[in-house]
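**Student:** So that you have it, the file is input_16.tsv, and it contains TSV, C-alpha atoms:
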```
chain	number	residue	atom	x	y	z
R	1	MET	CA	94.25	-131.21	-170.96
R	2	PRO	CA	92.74	-127.92	-172.04
R	3	CYS	CA	89.64	-128.04	-174.17
R	4	PRO	CA	90.34	-126.94	-177.77
R	5	LEU	CA	88.65	-123.83	-179.14
R	6	PRO	CA	85.73	-124.56	-181.50
R	7	THR	CA	86.36	-124.26	-185.19
R	8	ALA	CA	84.78	-121.39	-187.12
R	9	PRO	CA	81.90	-123.44	-188.61
R	10	LEU	CA	81.09	-124.94	-185.20
R	11	LEU	CA	81.23	-121.51	-183.51
R	12	LEU	CA	78.84	-120.08	-186.08
R	13	ALA	CA	76.49	-122.98	-185.50
R	14	LEU	CA	76.54	-122.41	-181.72
R	15	LEU	CA	75.79	-118.69	-182.13
R	16	ALA	CA	72.92	-119.47	-184.49
R	17	THR	CA	71.28	-121.85	-181.99
R	18	THR	CA	71.89	-119.82	-178.80
R	19	PRO	CA	68.59	-118.34	-177.50
R	20	VAL	CA	68.31	-114.54	-177.37
R	21	LEU	CA	68.42	-113.21	-173.81
R	22	ALA	CA	65.68	-110.78	-172.73
R	23	GLU	CA	66.57	-107.14	-172.27
R	24	PRO	CA	67.19	-106.19	-168.62
R	25	SER	CA	64.46	-104.29	-166.82
R	26	SER	CA	64.62	-100.51	-167.03
R	27	GLU	CA	64.74	-100.43	-163.23
R	28	ILE	CA	67.71	-102.52	-162.01
R	29	TRP	CA	67.16	-103.91	-158.51
R	30	ASP	CA	70.12	-104.68	-156.30
R	31	ALA	CA	69.53	-106.68	-153.15
R	32	VAL	CA	72.95	-105.86	-151.68
R	33	ALA	CA	74.06	-102.32	-152.53
R	34	ALA	CA	72.14	-99.18	-151.60
R	35	ARG	CA	70.31	-97.48	-154.45
R	36	HIS	CA	70.53	-93.72	-154.99
R	37	LEU	CA	67.42	-91.78	-156.01
R	38	GLU	CA	67.35	-88.07	-156.89
R	39	LEU	CA	64.26	-85.89	-156.47
R	40	THR	CA	63.84	-82.62	-158.38
R	41	ALA	CA	61.07	-80.04	-158.59
R	42	ASP	CA	60.34	-81.10	-162.18
R	43	SER	CA	59.66	-84.69	-161.13
R	44	SER	CA	57.58	-83.90	-158.05
R	45	GLY	CA	54.52	-85.82	-159.31
R	46	GLN	CA	56.40	-89.01	-160.12
R	47	VAL	CA	55.79	-92.22	-158.16
R	48	HIS	CA	59.01	-94.16	-157.43
R	49	GLU	CA	59.10	-97.94	-157.00
R	50	VAL	CA	60.91	-99.64	-154.11
R	51	ARG	CA	61.03	-103.44	-153.81
R	52	ILE	CA	60.25	-105.00	-150.44
R	53	SER	CA	59.90	-108.58	-149.19
R	54	PRO	CA	58.22	-110.18	-146.15
R	55	GLY	CA	60.63	-110.59	-143.26
R	56	LEU	CA	63.31	-108.32	-144.81
R	57	THR	CA	63.96	-104.75	-143.65
R	58	THR	CA	64.07	-101.83	-146.07
R	59	THR	CA	65.38	-98.39	-145.07
R	60	LEU	CA	64.86	-95.06	-146.83
R	61	VAL	CA	67.48	-92.43	-146.01
R	62	PHE	CA	66.65	-88.81	-146.92
R	63	ASN	CA	68.99	-85.80	-146.99
R	64	ALA	CA	66.30	-83.53	-145.50
R	65	PRO	CA	64.25	-83.60	-142.28
R	66	LEU	CA	60.72	-84.99	-142.48
R	67	LEU	CA	57.47	-83.40	-141.38
R	68	ARG	CA	56.22	-84.71	-138.06
R	69	GLY	CA	53.31	-87.01	-138.81
R	70	GLY	CA	53.98	-86.60	-142.52
R	71	VAL	CA	54.85	-90.25	-143.28
R	72	VAL	CA	51.77	-92.24	-144.33
R	73	LEU	CA	51.90	-95.95	-145.23
R	74	GLU	CA	49.01	-97.84	-146.80
R	75	ALA	CA	48.12	-101.22	-145.27
R	76	ARG	CA	50.18	-100.36	-142.19
R	77	GLU	CA	48.62	-103.29	-140.31
R	78	ARG	CA	50.38	-105.71	-142.67
R	79	PHE	CA	53.84	-104.54	-141.59
R	80	ARG	CA	55.50	-106.07	-138.54
R	81	ALA	CA	57.39	-102.87	-137.74
R	82	MET	CA	57.88	-99.33	-138.99
R	83	THR	CA	60.06	-96.61	-137.48
R	84	VAL	CA	60.32	-92.97	-138.52
R	85	ASP	CA	63.05	-90.55	-137.40
R	86	GLU	CA	61.87	-87.17	-138.70
R	87	ALA	CA	64.93	-85.23	-137.54
R	88	THR	CA	67.47	-87.38	-139.36
R	89	GLY	CA	65.19	-88.29	-142.26
R	90	ILE	CA	65.18	-92.09	-141.90
R	91	VAL	CA	62.22	-94.42	-142.49
R	92	THR	CA	62.54	-98.16	-141.84
R	93	PHE	CA	59.86	-100.81	-142.30
R	94	LEU	CA	59.61	-104.61	-142.03
R	95	PRO	CA	56.80	-106.28	-144.02
R	96	SER	CA	55.02	-109.30	-142.55
R	97	GLY	CA	53.94	-112.44	-144.35
R	98	ALA	CA	50.46	-110.93	-144.70
R	99	LEU	CA	51.68	-109.02	-147.76
R	100	PRO	CA	51.31	-111.40	-150.72
R	101	PRO	CA	53.53	-111.02	-153.81
R	102	GLY	CA	52.20	-108.46	-156.25
R	103	THR	CA	50.88	-106.16	-153.52
R	104	GLN	CA	51.87	-102.52	-154.07
R	105	PRO	CA	51.01	-100.28	-151.09
R	106	LEU	CA	51.88	-96.59	-151.35
R	107	LEU	CA	54.19	-94.73	-148.98
R	108	THR	CA	53.95	-90.92	-148.88
R	109	VAL	CA	56.69	-88.86	-147.23
R	110	ARG	CA	56.39	-85.10	-146.63
R	111	PHE	CA	59.37	-82.82	-145.93
R	112	ALA	CA	59.54	-80.32	-143.08
R	113	ASP	CA	61.32	-77.33	-144.66
R	114	GLY	CA	58.51	-76.10	-146.94
R	115	ALA	CA	60.66	-76.24	-150.08
R	116	VAL	CA	59.69	-77.89	-153.37
R	117	PRO	CA	59.18	-80.79	-153.89
R	118	ALA	CA	57.21	-80.83	-150.65
R	119	SER	CA	56.64	-84.60	-150.70
R	120	VAL	CA	57.45	-87.84	-152.49
R	121	THR	CA	55.40	-91.00	-153.08
R	122	PHE	CA	56.79	-94.54	-153.30
R	123	ARG	CA	55.09	-97.65	-154.63
R	124	LEU	CA	56.26	-100.61	-152.48
R	125	VAL	CA	56.44	-103.62	-154.79
R	126	VAL	CA	56.31	-106.91	-152.84
R	127	HIS	CA	58.69	-109.68	-153.96
R	128	PRO	CA	58.70	-113.16	-152.36
R	129	THR	CA	62.41	-113.27	-151.52
R	130	ARG	CA	64.31	-110.16	-152.59
R	131	ALA	CA	64.10	-106.67	-151.16
R	132	GLU	CA	66.12	-103.48	-151.46
R	133	PRO	CA	67.91	-103.06	-148.12
R	134	GLN	CA	68.47	-99.29	-148.45
R	135	VAL	CA	67.48	-96.45	-150.78
R	136	ASN	CA	69.29	-93.11	-150.38
R	137	VAL	CA	66.97	-90.29	-151.48
R	138	TYR	CA	68.68	-87.06	-152.46
R	139	ARG	CA	66.31	-84.11	-152.77
R	140	GLU	CA	67.18	-80.95	-154.68
R	141	PRO	CA	64.84	-78.43	-153.04
R	142	ARG	CA	63.46	-75.33	-154.73
R	143	SER	CA	61.87	-72.65	-152.58
R	144	ALA	CA	58.15	-71.99	-152.79
R	145	GLU	CA	58.98	-68.28	-153.23
R	146	SER	CA	60.79	-69.00	-156.50
R	147	PHE	CA	57.73	-70.86	-157.81
R	148	GLN	CA	55.47	-67.98	-156.78
R	149	LEU	CA	57.76	-65.47	-158.49
R	150	GLU	CA	57.82	-67.55	-161.67
R	151	ALA	CA	54.02	-67.89	-161.62
R	152	ARG	CA	53.59	-64.14	-161.10
R	153	GLN	CA	55.96	-63.35	-163.98
R	154	GLU	CA	54.12	-65.77	-166.26
R	155	ARG	CA	50.78	-64.23	-165.24
R	156	GLU	CA	52.04	-60.71	-165.94
R	157	ARG	CA	53.44	-61.82	-169.30
R	158	ALA	CA	50.09	-63.39	-170.20
R	159	GLU	CA	48.26	-60.20	-169.21
R	160	ARG	CA	50.55	-58.13	-171.42
R	161	CYS	CA	49.97	-60.50	-174.33
R	162	GLU	CA	46.21	-60.34	-173.83
R	163	ALA	CA	46.29	-56.53	-173.71
R	164	TRP	CA	48.44	-56.41	-176.83
R	165	LEU	CA	46.11	-58.81	-178.66
R	166	ALA	CA	43.01	-56.84	-177.66
R	167	GLN	CA	44.65	-53.59	-178.76
R	168	THR	CA	45.75	-55.12	-182.06
R	169	GLN	CA	42.26	-56.41	-182.76
R	170	THR	CA	40.81	-52.98	-181.98
R	171	GLU	CA	43.32	-51.25	-184.26
R	172	GLN	CA	42.53	-53.62	-187.09
R	173	LYS	CA	38.88	-52.50	-186.91
R	174	SER	CA	39.79	-48.82	-186.56
R	175	PRO	CA	39.42	-46.52	-189.62
R	176	GLY	CA	42.85	-44.96	-188.95
R	177	GLY	CA	43.92	-41.33	-188.98
R	178	ILE	CA	42.00	-38.73	-186.94
R	179	ALA	CA	38.83	-40.78	-187.38
R	180	GLY	CA	40.62	-43.73	-185.81
R	181	LEU	CA	41.71	-41.61	-182.84
R	182	ILE	CA	38.13	-40.47	-182.32
R	183	ASP	CA	36.85	-44.03	-182.69
R	184	SER	CA	39.37	-45.27	-180.10
R	185	GLY	CA	38.20	-42.67	-177.56
R	186	LEU	CA	41.62	-41.05	-177.25
R	187	VAL	CA	40.41	-37.65	-178.42
R	188	GLY	CA	38.25	-35.75	-175.95
R	189	LYS	CA	37.15	-32.13	-175.91
R	190	LYS	CA	40.74	-31.03	-175.50
R	191	GLY	CA	42.06	-33.29	-178.25
R	192	ILE	CA	45.67	-34.49	-177.98
R	193	ALA	CA	48.04	-32.11	-176.21
R	194	ALA	CA	51.78	-31.98	-176.95
R	195	GLN	CA	54.79	-30.22	-175.48
R	196	ASP	CA	58.51	-29.92	-176.10
R	197	ILE	CA	60.38	-31.37	-173.08
R	198	TYR	CA	63.92	-31.18	-174.40
R	199	ASP	CA	64.93	-28.26	-172.15
R	200	THR	CA	63.15	-29.57	-169.04
R	201	THR	CA	64.59	-33.08	-169.13
R	202	ARG	CA	68.11	-34.31	-168.47
R	203	GLN	CA	69.97	-37.38	-169.61
R	204	LEU	CA	72.78	-39.32	-168.03
R	205	PRO	CA	76.12	-38.60	-169.74
R	206	GLY	CA	77.90	-41.20	-171.86
R	207	GLU	CA	74.85	-43.15	-172.99
R	208	ALA	CA	74.81	-44.72	-176.45
R	209	LEU	CA	71.68	-42.84	-177.54
R	210	LYS	CA	71.82	-39.06	-177.27
R	211	ARG	CA	68.50	-37.24	-177.41
R	212	ASN	CA	68.29	-34.49	-180.04
R	213	ASN	CA	64.58	-33.81	-179.49
R	214	ALA	CA	62.05	-34.90	-176.88
R	215	TYR	CA	58.28	-34.45	-176.87
R	216	SER	CA	55.48	-35.61	-174.60
R	217	TYR	CA	51.80	-36.10	-175.41
R	218	ARG	CA	48.57	-36.59	-173.48
R	219	ALA	CA	45.20	-37.90	-174.64
R	220	GLU	CA	42.19	-39.42	-172.90
R	221	GLY	CA	43.71	-41.93	-170.47
R	222	ARG	CA	47.01	-42.07	-172.34
R	223	VAL	CA	50.40	-40.41	-172.34
R	224	ALA	CA	53.35	-40.84	-174.66
R	225	VAL	CA	56.99	-39.80	-174.95
R	226	ALA	CA	58.71	-39.47	-178.33
R	227	LEU	CA	62.49	-39.25	-178.56
R	228	GLU	CA	64.52	-38.30	-181.60
R	229	VAL	CA	67.94	-39.74	-180.85
R	230	GLU	CA	71.44	-40.02	-182.24
R	231	ASN	CA	73.34	-43.29	-181.96
R	232	THR	CA	76.80	-42.23	-180.79
R	233	SER	CA	78.07	-45.82	-180.47
R	234	VAL	CA	79.54	-48.20	-183.03
R	235	GLN	CA	76.72	-50.71	-182.67
R	236	PRO	CA	73.09	-50.55	-183.82
R	237	TRP	CA	70.40	-50.05	-181.21
R	238	THR	CA	67.08	-51.84	-180.89
R	239	VAL	CA	64.86	-51.05	-177.94
R	240	ASP	CA	63.70	-53.84	-175.62
R	241	ALA	CA	59.96	-53.32	-175.14
R	242	GLU	CA	59.96	-55.48	-171.99
R	243	SER	CA	62.47	-53.15	-170.31
R	244	ALA	CA	60.74	-49.82	-171.10
R	245	ALA	CA	59.38	-48.05	-168.01
R	246	LEU	CA	57.92	-44.71	-166.93
R	247	VAL	CA	58.51	-44.47	-163.19
R	248	GLY	CA	56.99	-41.73	-161.08
R	249	LYS	CA	57.65	-40.36	-157.62
R	250	GLY	CA	58.09	-43.09	-155.03
R	251	GLY	CA	58.80	-45.70	-157.72
R	252	ALA	CA	55.20	-46.02	-158.93
R	253	PRO	CA	55.28	-47.03	-162.64
R	254	LEU	CA	52.75	-46.33	-165.36
R	255	ARG	CA	51.47	-49.31	-167.31
R	256	VAL	CA	53.37	-49.26	-170.61
R	257	LEU	CA	51.09	-50.20	-173.50
R	258	ARG	CA	53.50	-50.13	-176.40
R	259	VAL	CA	57.03	-49.23	-177.42
R	260	TRP	CA	57.46	-48.32	-181.07
R	261	GLN	CA	60.70	-48.08	-183.00
R	262	PRO	CA	60.35	-47.94	-186.81
R	263	ALA	CA	63.75	-49.56	-187.39
R	264	PRO	CA	67.02	-50.31	-185.60
R	265	ILE	CA	69.08	-47.13	-185.08
R	266	SER	CA	72.35	-47.48	-186.98
R	267	PRO	CA	75.69	-46.16	-185.66
R	268	GLY	CA	75.97	-42.45	-186.44
R	269	GLU	CA	72.28	-42.08	-187.26
R	270	GLU	CA	70.99	-38.74	-185.90
R	271	ARG	CA	67.21	-39.02	-186.34
R	272	GLY	CA	66.29	-42.38	-184.83
R	273	LEU	CA	62.80	-42.46	-183.32
R	274	VAL	CA	61.54	-44.21	-180.18
R	275	VAL	CA	57.98	-43.77	-178.84
R	276	VAL	CA	56.72	-45.05	-175.48
R	277	GLU	CA	52.96	-45.06	-174.79
R	278	ALA	CA	51.41	-45.72	-171.38
R	279	GLU	CA	48.12	-45.59	-169.49
R	280	ALA	CA	47.67	-42.56	-167.20
R	281	THR	CA	44.77	-40.88	-165.48
R	282	GLU	CA	44.53	-37.08	-165.51
R	283	GLU	CA	45.97	-37.01	-161.99
R	284	GLN	CA	48.86	-39.35	-162.87
R	285	ALA	CA	49.71	-37.23	-165.93
R	286	ARG	CA	50.48	-34.26	-163.66
R	287	GLY	CA	53.54	-35.88	-162.11
R	288	ALA	CA	57.18	-36.00	-163.18
R	289	TYR	CA	58.58	-39.30	-164.44
R	290	VAL	CA	61.83	-41.07	-165.26
R	291	LEU	CA	61.90	-42.80	-168.65
R	292	ARG	CA	64.10	-45.88	-168.87
R	293	LEU	CA	64.83	-47.79	-172.06
R	294	GLY	CA	66.80	-51.01	-172.28
R	295	GLU	CA	68.61	-52.44	-175.28
R	296	ALA	CA	67.30	-55.67	-176.78
R	297	ASN	CA	69.86	-58.47	-176.31
R	298	GLY	CA	72.34	-56.04	-174.77
R	299	PRO	CA	73.32	-54.35	-171.49
R	300	ARG	CA	73.01	-50.69	-172.57
R	301	THR	CA	70.30	-48.41	-171.21
R	302	VAL	CA	68.94	-44.88	-171.73
R	303	THR	CA	67.59	-42.82	-168.82
R	304	LEU	CA	65.71	-39.53	-169.20
R	305	ARG	CA	64.70	-37.68	-166.04
R	306	GLY	CA	62.13	-34.94	-165.53
R	307	VAL	CA	59.57	-36.18	-168.07
R	308	THR	CA	56.29	-34.26	-167.73
R	309	PHE	CA	53.11	-34.25	-169.76
R	310	PRO	CA	50.94	-31.35	-171.00
```
Just dump the structure as structure tokens.
**Tutor:**
Amino acid sequence: MPCPLPTAPLLLALLATTPVLAEPSSEIWDAVAARHLELTADSSGQVHEVRISPGLTTTLVFNAPLLRGGVVLEARERFRAMTVDEATGIVTFLPSGALPPGTQPLLTVRFADGAVPASVTFRLVVHPTRAEPQVNVYREPRSAESFQLEARQERERAERCEAWLAQTQTEQKSPGGIAGLIDSGLVGKKGIAAQDIYDTTRQLPGEALKRNNAYSYRAEGRVAVALEVENTSVQPWTVDAESAALVGKGGAPLRVLRVWQPAPISPGEERGLVVVEAEATEEQARGAYVLRLGEANGPRTVTLRGVTFP
């Protein structure tokens, strides 16, 4: 005869007296199914736990070849067996009874392809009776070249920020005007030279900004190009200081110190101003350059060829 369902008061009483179960561990161990573990460049310093048990075999299967001699196991003498197949990326070990519960030797595995992450470390947690039979380790490699490029870009960005900060601090102490130019060391015996380069330069057709006037300047260790432009498009234009470049013969660029635009250039505006200032020795100032300007948050560019300095 089937057992009757409890009445509502009895059910409430049972729920009130039932002990609360503990939350499951954040790391769920499964002694039957294989566990899947993903490695990324961002988690390269993380130590991953794998549960092992005396007399039970655990296998780590990697999706990348391993470095020859690059698998190092602490307390190796306490394992009955350990095999490493570098070509296929498989590591198998069998702990002996000499590993008491609570022991946590480290296993370090290095990869052979030179990508990042270059290695991974496991903490082998000893359990009396239960072990993980297999852990499949999927590695998402990132080339060392990409890290080097990112580091170089960050270093260059930091150098530009430091130069900008130093220049800003100097300008804040400067008296301004001609006195400020003299104080900054930009004015030598020849002062600041200027020339009209409208007729000697050429611009690519169809660009959003059309030059109406173009001038170049030279001072002690500095050069500058000033463009008076007309916005022939239907969208405003704001220059991207990071994209401004003065490139000489053979692709050698000058170090751009600042790009100044008083305000965004509205559609139809005919007297928008853009000034690009760069470092240049007297010898560098004698060459011809290509001025390139990019649009902030947009794909449009302006290219002016044949830029020379007085």
**Student:** Using all atoms listed in the file, which protein or nucleic acid residues come within 10 Å of range 84-88 of chain R? Drop anything in the same chain fewer than 5 positions from it, and give the result as JSON, numbers by chain.
**Tutor:** {"R": [59, 60, 61, 62, 63, 64, 65, 66, 67, 68, 69, 70, 71, 93, 110, 111, 112]}
**Student:** Restricting the calculation to all atoms listed in the file, which member of R:Cys161, R:Gly306, R:Val256, R:Ala226 is positioned closest to Asp199 in chain R?
**Tutor:**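 With all atoms listed in the file as the atom set, the closest residue is R:Gly306.
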**Student:** Between CA of Glu295 in chain R and CA of Val247 in chain R, what is the distance in Å, rounded to a tenth?
**Tutor:**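 Computing it gives 17.7 Å between the two atoms.
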**Student:** How many Å separate CA of Leu56 in chain R from CA of Phe79 in chain R?
**Tutor:** 10.7 Å
**Student:** Every residue with an atom at most 8 Å from (59.0, -39.9, -168.8) (file coordinates; only C-alpha atoms) is what I'm after, so could you write them as JSON, numbers by chain?
**Tutor:** {"R": [225, 246, 247, 288, 289, 290, 291, 292, 304, 305, 306, 307, 308]}
**Student:** Go through R:Leu209, R:Ala193, R:Ala131, R:Ala158 one by one, measure the shortest atom-to-atom distance of each to Glu270 in chain R using all atoms listed in the file, and give the residue with the smallest value.
**Tutor:** R:Leu209
**Student:** So which one's closest to Arg35 in chain R, R:His127, R:Arg139, R:Arg51, R:Lys249? Using all atoms listed in the file, please.
**Tutor:**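 Among the listed residues, the smallest separation from Arg35 in chain R belongs to R:Arg51.
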**Student:** Which residues are near Ser243 in chain R? Cut-off 12 Å, all atoms listed in the file, ignore same chain within fewer than 5 positions. Put them as a list in words.
**Tutor:** Thr238, Val256, Arg258, Val259, Val276, Leu291, Arg292, Leu293, Gly294, Glu295, Ala296, Asn297, Gly298, Pro299, Arg300, Thr301, Val302 and Thr303 of chain R
**Student:** Find the residue from R:Thr58, R:Thr281, R:Ser96, R:Gln235 that sits nearest to Val223 in chain R; use all atoms listed in the file when measuring.
**Tutor:**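 Looking at the shortest contact to Val223 in chain R, the residue is R:Thr281.
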**Student:** Please compute the CA of Ile197 in chain R-CA of Pro310 in chain R distance, one decimal, in Å.
**Tutor:** 9.7 Å
**Student:** For each of R:Arg286, R:His36, R:Arg155, R:Arg255, take the minimum atom-to-atom distance to Gln134 in chain R, counting all atoms listed in the file, then give the residue where this is smallest.
**Tutor:**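 Under the stated criterion, the closest residue is R:His36.
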**Student:** Residues within 12 Å of Glu230 in chain R, please, as a PyMOL selection string. Count all atoms listed in the file; anything in the same chain fewer than 6 positions from it doesn't count.
**Tutor:** chain R and resi 207-214+236-237+264-274+302
**Student:** Skip Thr129 in chain R itself and residues of its chain fewer than 5 positions away, then list as number ranges by chain all residues within 12 Å of it, counting only C-alpha atoms.
**Tutor:** R: 31, 51-57, 95, 97, 100-101
**Student:** Using only C-alpha atoms, which of the listed residues (R:Ile192, R:Ala278, R:Ala241, R:Ala34) sits closest to Ala224 in chain R?
**Tutor:**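 That would be R:Ala278, the residue with the smallest distance to Ala224 in chain R.
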**Student:** Which residues are close to Leu73 in chain R, i.e. within 7 Å by only C-alpha atoms, leaving aside same-chain residues fewer than 5 positions away? Reply as a list in words.
**Tutor:**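 Residues near the query, excluding close chain neighbours: Leu106, Leu107 and Thr108 of chain R.
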